[in-house]
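Shown next: input35.pdb, given as PDB, C-alpha atoms and all ligand atoms.
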```pdb
ATOM      1  CA  MET R   1     -22.192  -1.342 259.937
ATOM      2  CA  LEU R   2     -25.200  -0.730 262.194
ATOM      3  CA  LYS R   3     -26.974  -3.703 260.597
ATOM      4  CA  VAL R   4     -23.925  -5.930 261.216
ATOM      5  CA  LEU R   5     -23.771  -4.886 264.900
ATOM      6  CA  LEU R   6     -27.503  -5.431 265.343
ATOM      7  CA  SER R   7     -27.274  -8.892 263.746
ATOM      8  CA  PHE R   8     -24.457  -9.788 266.115
ATOM      9  CA  PHE R   9     -26.464  -8.577 269.121
ATOM     10  CA  PHE R  10     -29.677 -10.359 268.172
ATOM     11  CA  VAL R  11     -28.052 -13.647 267.148
ATOM     12  CA  GLN R  12     -26.239 -13.676 270.519
ATOM     13  CA  MET R  13     -29.532 -13.337 272.395
ATOM     14  CA  ASP R  14     -30.139 -16.586 274.225
ATOM     15  CA  SER R  15     -33.476 -18.082 275.137
ATOM     16  CA  THR R  16     -33.645 -16.237 278.471
ATOM     17  CA  LEU R  17     -33.948 -12.971 276.526
ATOM     18  CA  ARG R  18     -36.862 -14.243 274.500
ATOM     19  CA  PRO R  19     -40.159 -12.595 275.551
ATOM     20  CA  GLU R  20     -42.748 -14.186 277.818
ATOM     21  CA  LEU R  21     -46.372 -14.530 276.809
ATOM     22  CA  PHE R  22     -48.966 -12.765 278.953
ATOM     23  CA  ASP R  23     -52.687 -12.172 278.854
ATOM     24  CA  PHE R  24     -53.439  -8.800 277.287
ATOM     25  CA  HIS R  25     -57.149  -7.920 277.227
ATOM     26  CA  GLY R  26     -57.945 -11.622 276.844
ATOM     27  CA  VAL R  27     -55.344 -12.384 274.120
ATOM     28  CA  MET R  28     -51.866 -13.852 274.641
ATOM     29  CA  MET R  29     -49.243 -11.323 273.530
ATOM     30  CA  THR R  30     -45.595 -10.398 274.101
ATOM     31  CA  HIS R  31     -44.380  -6.962 275.046
ATOM     32  CA  TYR R  32     -42.875  -6.400 271.578
ATOM     33  CA  PHE R  33     -46.425  -5.943 270.312
ATOM     34  CA  THR R  34     -47.944  -4.141 273.299
ATOM     35  CA  ASP R  35     -45.148  -1.686 274.288
ATOM     36  CA  ASN R  36     -46.263   0.731 271.582
ATOM     37  CA  TRP R  37     -49.997   0.047 272.133
ATOM     38  CA  ASN R  38     -51.109   3.642 272.870
ATOM     39  CA  ASN R  39     -49.185   5.014 269.920
ATOM     40  CA  TYR R  40     -50.512   2.565 267.383
ATOM     41  CA  GLN R  41     -54.032   2.628 268.753
ATOM     42  CA  ASN R  42     -53.990   6.356 267.945
ATOM     43  CA  PHE R  43     -52.699   5.673 264.416
ATOM     44  CA  GLN R  44     -54.345   7.982 261.885
ATOM     45  CA  ALA R  45     -55.335   5.898 258.878
ATOM     46  CA  ARG R  46     -55.976   7.497 255.497
ATOM     47  CA  PRO R  47     -58.892   6.428 253.300
ATOM     48  CA  ASP R  48     -56.567   4.865 250.713
ATOM     49  CA  ASP R  49     -54.463   2.902 253.233
ATOM     50  CA  ILE R  50     -54.600  -0.857 252.644
ATOM     51  CA  LEU R  51     -54.282  -3.141 255.646
ATOM     52  CA  ILE R  52     -53.054  -6.736 255.194
ATOM     53  CA  ALA R  53     -54.166  -8.705 258.245
ATOM     54  CA  THR R  54     -53.345 -12.318 259.076
ATOM     55  CA  TYR R  55     -52.695 -14.711 261.922
ATOM     56  CA  PRO R  56     -48.862 -15.087 261.963
ATOM     57  CA  LYS R  57     -47.471 -17.381 259.235
ATOM     58  CA  ALA R  58     -50.599 -17.367 257.063
ATOM     59  CA  GLY R  59     -49.176 -15.690 253.948
ATOM     60  CA  THR R  60     -48.698 -12.052 254.959
ATOM     61  CA  THR R  61     -45.431 -11.641 253.089
ATOM     62  CA  TRP R  62     -46.774 -13.278 249.954
ATOM     63  CA  VAL R  63     -49.804 -10.979 249.748
ATOM     64  CA  SER R  64     -47.694  -7.955 250.764
ATOM     65  CA  TYR R  65     -45.305  -8.705 247.918
ATOM     66  CA  ILE R  66     -48.170  -9.116 245.428
ATOM     67  CA  LEU R  67     -49.688  -5.781 246.441
ATOM     68  CA  ASP R  68     -46.332  -4.038 246.404
ATOM     69  CA  LEU R  69     -45.732  -5.229 242.830
ATOM     70  CA  LEU R  70     -49.283  -4.370 241.760
ATOM     71  CA  TYR R  71     -48.989  -0.792 242.980
ATOM     72  CA  PHE R  72     -45.289  -0.055 242.769
ATOM     73  CA  GLY R  73     -43.923  -2.615 240.309
ATOM     74  CA  GLN R  74     -42.645   0.235 238.163
ATOM     75  CA  THR R  75     -40.601   1.759 241.018
ATOM     76  CA  SER R  76     -36.903   2.188 240.283
ATOM     77  CA  THR R  77     -34.813  -0.970 240.395
ATOM     78  CA  ALA R  78     -32.469   0.693 242.900
ATOM     79  CA  GLN R  79     -35.268   0.987 245.427
ATOM     80  CA  LYS R  80     -36.596  -2.504 244.704
ATOM     81  CA  THR R  81     -33.193  -4.028 245.329
ATOM     82  CA  SER R  82     -32.413  -2.094 248.504
ATOM     83  CA  THR R  83     -35.649  -1.784 250.498
ATOM     84  CA  PRO R  84     -36.843  -4.993 252.137
ATOM     85  CA  ILE R  85     -40.517  -5.909 252.148
ATOM     86  CA  TYR R  86     -40.805  -5.280 255.911
ATOM     87  CA  GLU R  87     -39.956  -1.608 255.271
ATOM     88  CA  ARG R  88     -42.145  -1.303 252.170
ATOM     89  CA  VAL R  89     -45.077  -2.890 254.025
ATOM     90  CA  PRO R  90     -44.422  -2.085 257.704
ATOM     91  CA  PHE R  91     -45.709  -4.210 260.586
ATOM     92  CA  LEU R  92     -47.854  -1.714 262.503
ATOM     93  CA  GLU R  93     -47.638  -3.079 266.083
ATOM     94  CA  PHE R  94     -43.945  -4.112 265.936
ATOM     95  CA  ALA R  95     -41.758  -2.478 268.609
ATOM     96  CA  VAL R  96     -38.387  -4.148 269.228
ATOM     97  CA  PRO R  97     -35.756  -2.019 271.003
ATOM     98  CA  GLY R  98     -33.007  -0.803 268.677
ATOM     99  CA  LEU R  99     -35.230  -0.991 265.583
ATOM    100  CA  GLU R 100     -37.664   1.540 264.178
ATOM    101  CA  THR R 101     -41.229   0.819 265.285
ATOM    102  CA  GLY R 102     -43.754  -0.313 262.710
ATOM    103  CA  LYS R 103     -45.872   2.739 263.451
ATOM    104  CA  ASP R 104     -42.937   5.088 262.715
ATOM    105  CA  LEU R 105     -42.150   3.215 259.502
ATOM    106  CA  VAL R 106     -45.762   3.587 258.338
ATOM    107  CA  ASP R 107     -45.750   7.288 259.250
ATOM    108  CA  GLY R 108     -42.602   7.656 257.146
ATOM    109  CA  LEU R 109     -44.066   6.025 254.025
ATOM    110  CA  SER R 110     -44.376   8.441 251.126
ATOM    111  CA  THR R 111     -46.337   6.024 248.941
ATOM    112  CA  SER R 112     -49.974   6.209 248.040
ATOM    113  CA  PRO R 113     -51.566   3.928 248.940
ATOM    114  CA  ARG R 114     -49.663   2.934 252.060
ATOM    115  CA  LEU R 115     -49.538  -0.844 252.485
ATOM    116  CA  ILE R 116     -49.622  -1.882 256.141
ATOM    117  CA  LYS R 117     -49.188  -5.301 257.765
ATOM    118  CA  THR R 118     -50.811  -6.440 261.008
ATOM    119  CA  HIS R 119     -51.333  -9.656 262.960
ATOM    120  CA  LEU R 120     -53.763  -8.059 265.414
ATOM    121  CA  PRO R 121     -57.004  -9.846 266.200
ATOM    122  CA  VAL R 122     -59.936  -7.891 264.802
ATOM    123  CA  GLN R 123     -60.920  -6.356 268.144
ATOM    124  CA  PHE R 124     -57.450  -4.714 268.480
ATOM    125  CA  ILE R 125     -57.446  -2.912 265.109
ATOM    126  CA  PRO R 126     -57.008   0.859 265.620
ATOM    127  CA  LYS R 127     -60.376   2.532 265.164
ATOM    128  CA  SER R 128     -59.287   4.970 262.451
ATOM    129  CA  PHE R 129     -59.086   2.069 259.938
ATOM    130  CA  TRP R 130     -62.819   1.495 260.405
ATOM    131  CA  GLU R 131     -63.623   5.226 260.485
ATOM    132  CA  GLN R 132     -61.763   5.793 257.214
ATOM    133  CA  ASN R 133     -63.401   2.738 255.645
ATOM    134  CA  CYS R 134     -59.970   1.441 254.577
ATOM    135  CA  ARG R 135     -59.671  -1.610 252.369
ATOM    136  CA  ILE R 136     -58.602  -4.609 254.422
ATOM    137  CA  ILE R 137     -57.311  -7.930 253.088
ATOM    138  CA  TYR R 138     -57.403 -10.876 255.473
ATOM    139  CA  VAL R 139     -55.472 -14.058 254.639
ATOM    140  CA  ALA R 140     -56.255 -17.339 256.421
ATOM    141  CA  ARG R 141     -54.253 -20.573 256.266
ATOM    142  CA  ASN R 142     -55.271 -24.070 257.382
ATOM    143  CA  ALA R 143     -54.467 -24.727 261.057
ATOM    144  CA  LYS R 144     -52.044 -27.609 260.485
ATOM    145  CA  ASP R 145     -49.679 -25.881 258.054
ATOM    146  CA  ASN R 146     -50.061 -22.616 259.966
ATOM    147  CA  MET R 147     -48.993 -24.308 263.193
ATOM    148  CA  VAL R 148     -45.983 -26.093 261.645
ATOM    149  CA  SER R 149     -44.818 -22.865 260.027
ATOM    150  CA  PHE R 150     -45.228 -21.013 263.358
ATOM    151  CA  PHE R 151     -43.186 -23.652 265.205
ATOM    152  CA  HIS R 152     -40.186 -23.354 262.862
ATOM    153  CA  PHE R 153     -40.508 -19.555 262.869
ATOM    154  CA  ASP R 154     -40.395 -19.467 266.673
ATOM    155  CA  ARG R 155     -37.265 -21.628 266.615
ATOM    156  CA  MET R 156     -35.373 -19.171 264.422
ATOM    157  CA  ASN R 157     -36.866 -15.837 265.519
ATOM    158  CA  LYS R 158     -35.169 -14.504 268.644
ATOM    159  CA  VAL R 159     -37.945 -12.038 269.420
ATOM    160  CA  GLU R 160     -40.533 -14.820 269.698
ATOM    161  CA  PRO R 161     -41.164 -16.932 272.810
ATOM    162  CA  ASP R 162     -39.118 -20.141 272.934
ATOM    163  CA  PRO R 163     -41.252 -22.774 271.157
ATOM    164  CA  GLY R 164     -39.931 -25.644 273.303
ATOM    165  CA  GLU R 165     -40.547 -29.200 272.142
ATOM    166  CA  TRP R 166     -43.013 -29.888 269.348
ATOM    167  CA  SER R 167     -45.465 -31.741 271.668
ATOM    168  CA  SER R 168     -45.797 -28.824 274.092
ATOM    169  CA  PHE R 169     -45.971 -26.286 271.240
ATOM    170  CA  PHE R 170     -48.731 -28.376 269.639
ATOM    171  CA  GLN R 171     -50.760 -28.334 272.874
ATOM    172  CA  ARG R 172     -50.156 -24.605 273.337
ATOM    173  CA  PHE R 173     -51.391 -23.944 269.786
ATOM    174  CA  LEU R 174     -54.561 -25.961 270.484
ATOM    175  CA  ASP R 175     -55.042 -23.991 273.720
ATOM    176  CA  GLY R 176     -54.671 -20.688 271.858
ATOM    177  CA  LYS R 177     -51.645 -19.710 273.937
ATOM    178  CA  MET R 178     -49.657 -18.219 271.061
ATOM    179  CA  VAL R 179     -48.579 -14.676 270.274
ATOM    180  CA  PHE R 180     -51.724 -12.961 268.896
ATOM    181  CA  GLY R 181     -53.895 -15.580 270.585
ATOM    182  CA  SER R 182     -55.878 -18.483 269.296
ATOM    183  CA  TRP R 183     -55.736 -19.348 265.579
ATOM    184  CA  TYR R 184     -59.429 -20.296 265.721
ATOM    185  CA  ASP R 185     -60.564 -17.031 267.350
ATOM    186  CA  HIS R 186     -58.437 -15.013 264.914
ATOM    187  CA  VAL R 187     -59.719 -16.525 261.656
ATOM    188  CA  ASN R 188     -63.255 -16.838 262.982
ATOM    189  CA  ASN R 189     -63.641 -13.318 264.378
ATOM    190  CA  TRP R 190     -62.211 -11.780 261.213
ATOM    191  CA  TRP R 191     -64.634 -13.927 259.181
ATOM    192  CA  LYS R 192     -67.562 -12.621 261.231
ATOM    193  CA  LYS R 193     -66.394  -9.041 260.679
ATOM    194  CA  LYS R 194     -67.285  -9.412 256.968
ATOM    195  CA  GLU R 195     -70.955  -9.275 257.950
ATOM    196  CA  SER R 196     -70.705  -5.712 259.257
ATOM    197  CA  TYR R 197     -67.734  -4.335 257.259
ATOM    198  CA  SER R 198     -67.946  -4.655 253.480
ATOM    199  CA  ASN R 199     -64.475  -3.333 252.631
ATOM    200  CA  LEU R 200     -62.912  -6.599 253.795
ATOM    201  CA  HIS R 201     -61.567  -9.161 251.304
ATOM    202  CA  TYR R 202     -61.136 -12.542 253.003
ATOM    203  CA  MET R 203     -58.864 -14.943 251.157
ATOM    204  CA  PHE R 204     -57.085 -18.262 251.701
ATOM    205  CA  PHE R 205     -53.408 -19.211 251.439
ATOM    206  CA  GLU R 206     -54.445 -22.558 249.921
ATOM    207  CA  ASP R 207     -56.275 -20.817 247.056
ATOM    208  CA  LEU R 208     -53.172 -18.760 246.338
ATOM    209  CA  VAL R 209     -51.122 -21.956 246.091
ATOM    210  CA  GLU R 210     -53.762 -23.610 243.914
ATOM    211  CA  ASN R 211     -54.285 -20.775 241.449
ATOM    212  CA  THR R 212     -52.236 -17.642 242.069
ATOM    213  CA  GLY R 213     -53.497 -15.848 238.944
ATOM    214  CA  LYS R 214     -57.149 -16.291 239.863
ATOM    215  CA  GLU R 215     -56.548 -14.965 243.393
ATOM    216  CA  ILE R 216     -54.635 -11.985 241.987
ATOM    217  CA  GLU R 217     -57.622 -11.246 239.732
ATOM    218  CA  LYS R 218     -59.992 -11.366 242.722
ATOM    219  CA  LEU R 219     -57.657  -9.075 244.653
ATOM    220  CA  CYS R 220     -57.557  -6.628 241.735
ATOM    221  CA  SER R 221     -61.319  -6.584 241.486
ATOM    222  CA  PHE R 222     -61.528  -5.760 245.222
ATOM    223  CA  LEU R 223     -58.886  -3.036 244.839
ATOM    224  CA  GLY R 224     -60.448  -1.541 241.707
ATOM    225  CA  LEU R 225     -57.385  -2.364 239.561
ATOM    226  CA  SER R 226     -57.603  -3.762 236.051
ATOM    227  CA  PRO R 227     -54.292  -5.262 234.898
ATOM    228  CA  SER R 228     -54.180  -7.094 231.553
ATOM    229  CA  ALA R 229     -54.203 -10.904 231.461
ATOM    230  CA  GLU R 230     -50.531 -10.748 230.490
ATOM    231  CA  GLU R 231     -49.672  -8.551 233.499
ATOM    232  CA  VAL R 232     -51.460 -10.955 235.837
ATOM    233  CA  GLU R 233     -49.546 -13.852 234.294
ATOM    234  CA  THR R 234     -46.191 -12.071 234.719
ATOM    235  CA  LEU R 235     -47.005 -11.064 238.311
ATOM    236  CA  SER R 236     -48.170 -14.547 239.141
ATOM    237  CA  SER R 237     -44.876 -16.064 238.060
ATOM    238  CA  SER R 238     -42.777 -13.373 239.813
ATOM    239  CA  VAL R 239     -44.397 -14.198 243.156
ATOM    240  CA  GLN R 240     -43.947 -17.972 243.031
ATOM    241  CA  PHE R 241     -42.177 -19.475 246.043
ATOM    242  CA  ASP R 242     -38.818 -20.138 244.379
ATOM    243  CA  ASN R 243     -38.555 -16.581 243.067
ATOM    244  CA  MET R 244     -39.448 -14.989 246.392
ATOM    245  CA  LYS R 245     -37.167 -17.336 248.311
ATOM    246  CA  LYS R 246     -34.211 -16.114 246.216
ATOM    247  CA  ASP R 247     -35.098 -12.440 246.621
ATOM    248  CA  LYS R 248     -33.202 -10.911 249.562
ATOM    249  CA  MET R 249     -35.739  -8.105 249.749
ATOM    250  CA  ALA R 250     -38.570 -10.629 250.225
ATOM    251  CA  ASN R 251     -37.031 -13.544 252.139
ATOM    252  CA  PHE R 252     -36.249 -11.682 255.420
ATOM    253  CA  SER R 253     -32.569 -12.688 255.274
ATOM    254  CA  THR R 254     -31.625  -9.088 256.089
ATOM    255  CA  THR R 255     -33.488  -9.216 259.438
ATOM    256  CA  PRO R 256     -31.084  -9.044 262.392
ATOM    257  CA  PHE R 257     -33.088 -11.154 264.874
ATOM    258  CA  MET R 258     -33.739 -14.219 262.698
ATOM    259  CA  ASP R 259     -31.242 -17.074 262.678
ATOM    260  CA  PHE R 260     -31.345 -18.653 259.228
ATOM    261  CA  LYS R 261     -28.939 -21.370 260.368
ATOM    262  CA  ILE R 262     -31.869 -22.762 262.380
ATOM    263  CA  SER R 263     -34.564 -22.398 259.689
ATOM    264  CA  PRO R 264     -35.205 -20.153 256.678
ATOM    265  CA  PHE R 265     -38.152 -17.727 256.729
ATOM    266  CA  MET R 266     -39.438 -19.152 253.424
ATOM    267  CA  ARG R 267     -39.388 -22.792 254.418
ATOM    268  CA  LYS R 268     -41.768 -24.863 252.257
ATOM    269  CA  GLY R 269     -44.769 -22.783 251.304
ATOM    270  CA  LEU R 270     -46.653 -25.858 250.115
ATOM    271  CA  LEU R 271     -49.800 -27.614 251.145
ATOM    272  CA  ASN R 272     -49.072 -30.792 253.048
ATOM    273  CA  ASN R 273     -52.181 -32.406 251.568
ATOM    274  CA  ARG R 274     -51.078 -31.429 248.063
ATOM    275  CA  LEU R 275     -47.771 -33.236 248.644
ATOM    276  CA  ILE R 276     -49.741 -36.268 249.786
ATOM    277  CA  GLN R 277     -51.957 -36.093 246.696
ATOM    278  CA  GLU R 278     -48.906 -35.896 244.460
ATOM    279  CA  LYS R 279     -47.376 -38.962 246.084
ATOM    280  CA  THR R 280     -50.488 -41.160 245.800
TER     281      THR R 280
HETATM  282  S1  LIG A   1     -45.125 -13.711 259.087
HETATM  283  O1  LIG A   1     -43.805 -13.842 259.772
HETATM  284  O2  LIG A   1     -46.241 -13.987 260.015
HETATM  285  O3  LIG A   1     -45.298 -12.433 258.397
HETATM  286  O4  LIG A   1     -45.122 -14.894 258.008
HETATM  287  P1  LIG A   1     -46.085 -14.986 256.736
HETATM  288  O5  LIG A   1     -45.483 -14.214 255.634
HETATM  289  O6  LIG A   1     -47.476 -14.694 257.126
HETATM  290  O7  LIG A   1     -46.011 -16.548 256.391
HETATM  291  C1  LIG A   1     -44.822 -17.193 256.021
HETATM  292  C2  LIG A   1     -45.216 -18.474 255.296
HETATM  293  O8  LIG A   1     -45.689 -18.137 253.981
HETATM  294  C3  LIG A   1     -44.903 -18.856 253.036
HETATM  295  N1  LIG A   1     -44.777 -18.110 251.784
HETATM  296  C4  LIG A   1     -45.088 -18.619 250.582
HETATM  297  N2  LIG A   1     -45.612 -19.807 250.244
HETATM  298  C5  LIG A   1     -45.799 -20.053 248.906
HETATM  299  N3  LIG A   1     -45.473 -19.176 247.939
HETATM  300  C6  LIG A   1     -44.952 -17.972 248.241
HETATM  301  N4  LIG A   1     -44.625 -17.123 247.282
HETATM  302  C7  LIG A   1     -44.743 -17.656 249.609
HETATM  303  N5  LIG A   1     -44.256 -16.575 250.280
HETATM  304  C8  LIG A   1     -44.288 -16.888 251.596
HETATM  305  C9  LIG A   1     -43.552 -19.030 253.743
HETATM  306  O9  LIG A   1     -42.766 -19.997 253.103
HETATM  307  C10 LIG A   1     -44.048 -19.427 255.130
HETATM  308  O10 LIG A   1     -44.600 -20.736 255.167
HETATM  309  P2  LIG A   1     -43.767 -22.066 255.506
HETATM  310  O11 LIG A   1     -44.784 -23.175 255.563
HETATM  311  O12 LIG A   1     -43.096 -21.843 256.822
HETATM  312  O13 LIG A   1     -42.780 -22.256 254.390
END
```
Could you render the structure from this file as structure tokens?
Amino acid sequence: MLKVLLSFFFVQMDSTLRPELFDFHGVMMTHYFTDNWNNYQNFQARPDDILIATYPKAGTTWVSYILDLLYFGQTSTAQKTSTPIYERVPFLEFAVPGLETGKDLVDGLSTSPRLIKTHLPVQFIPKSFWEQNCRIIYVARNAKDNMVSFFHFDRMNKVEPDPGEWSSFFQRFLDGKMVFGSWYDHVNNWWKKKESYSNLHYMFFEDLVENTGKEIEKLCSFLGLSPSAEEVETLSSSVQFDNMKKDKMANFSTTPFMDFKISPFMRKGLLNNRLIQEKT
């Protein structure tokens, strides 16, 4: 019942209730990701925590789902069919009134390891992740597909700033005036972090599309896991776009503030240049 009421409330929110962007320590943010700043900056990471970091719309959910299946694929079916991915892999900085904060959801996780999602630029990561030498996976996606995905997401997500017309959104993206700042600064500063922090696995959305099994193997090698070739094959097919799109626990259709009548969360998930290649 609570979920139904929340959906009603969020879907009724009009554009005037959408958040404004503001400059926060040199990065454009909205208050939904800064209201809980002090709390999440003091987050106490554990050495086996795994952080999945991305610029928004770069493949966070895909990699979260892969890791969840790698570690907890044997969990009871009841849990798998009733706990959405955003509760299994909480979004650390998320703080929307009426919903549990990401930080509280992480604190409530009883799993080991805990899988944690973030879109924070590298300079905003709570210091305990570095102190505990946690494993961090960063996923980057090419700017064009990332931007298109972000535009459609902002249209349907009522807790994002209004995207406006495509032309102004396009310019804003180029100017780096998006939630979590500039795409270029994000992917570039995380890339540079690899030089000083070795427990960082930097991967690309495009490689996952091209050869999911190979990327899963690289992930496993980073995580110190050794699944059989058959297990990798099975996992690789379970996490293909069409399967995840159908899965209510992975496709965000249970989220109260997203309007799927405007656009689905899992929209295309393909490379535009691959489509072009296929056509020529
Ligand atoms: S979010 O809201 O920032 O956490 O979004 P994120 O999960 O990072 O990115 C969403 C995009 O990833 C696509 N996606 C996939 N593509 C291919 N295969 C699989 N399995 C898959 N899972 C998620 C999803 O469709 C979004 O991209 P677009 O281009 O909008 O479809």
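The nearest approach to ligand LIG 1 (chain A) among the residues R:Lys246, R:Lys214, R:Lys103, R:Lys261, with all atoms listed in the file taken into account, belongs to R:Lys246.
Across the structure, CA of Glu206 in chain R and CA of Asn142 in chain R are spaced 7.7 Å apart.
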Q: Could you check which of R:Lys192, R:Tyr55, R:Phe72, R:Phe150 is closest to Arg172 in chain R, using only C-alpha atoms?
A: R:Phe150
Q | Residues matched by the PyMOL selection byres (((not hetatm)) within 7 of (chain A and resi 1)) as a VMD selection string | A | chain R and resid 54 to 62 145 to 146 148 to 150 152 to 153 209 239 to 241 244 265 to 270
Q | Shell of 10 Å around Gly108 in chain R, only C-alpha atoms, local chain residues under 6 positions omitted, as a list of chain:residue names | A | R:Glu87, R:Pro90, R:Gly102, R:Arg114
Q | Expansion of the PyMOL selection byres (((chain R and resi 115-127) around 9) and not hetatm) into residues, as a ChimeraX atom specification | A | /R:27,40-45,49-56,60-61,64,67-68,86,88-94,102,106,109,111-114,128-132,180-181,185-187,189-190,193
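When all atoms listed in the file are used to measure the gap to Glu20 in chain R, the shortest distance among R:Asp154, R:Pro161, R:Val96, R:Pro47 belongs to R:Pro161.
Ranking R:Met28, R:Met249, R:Cys220, R:Met178 by their shortest atom-to-atom distance to Asp162 in chain R, with only C-alpha atoms included, puts R:Met178 first.
Using the PyMOL selection byres (((chain R and resi 250) around 8) and not hetatm) on the file at hand returns these residues: Thr61, Tyr65, Pro84, Ile85, Met244, Lys245, Asp247, Lys248, Met249, Asn251 and Phe252 of chain R.
Rounded to one decimal, CA of Lys194 in chain R and CA of Arg135 in chain R lie 11.8 Å from each other.
Using all atoms listed in the file, the smallest distance between any of R:Leu21, R:Leu219, R:Gly73, R:Gly26 and Leu235 in chain R comes from R:Gly73.
If you look at CA of Pro256 in chain R and CA of Glu160 in chain R, they are 13.3 Å away from each other.
The neighbours of Ala95 in chain R here are the residues that come within 8 Å of it, using only C-alpha atoms and leaving out any residue fewer than 4 positions away in the same chain; they are R:Tyr32, R:Phe33, R:Thr34, R:Asp35, R:Asn36, R:Leu99, R:Glu100, R:Thr101, R:Gly102.
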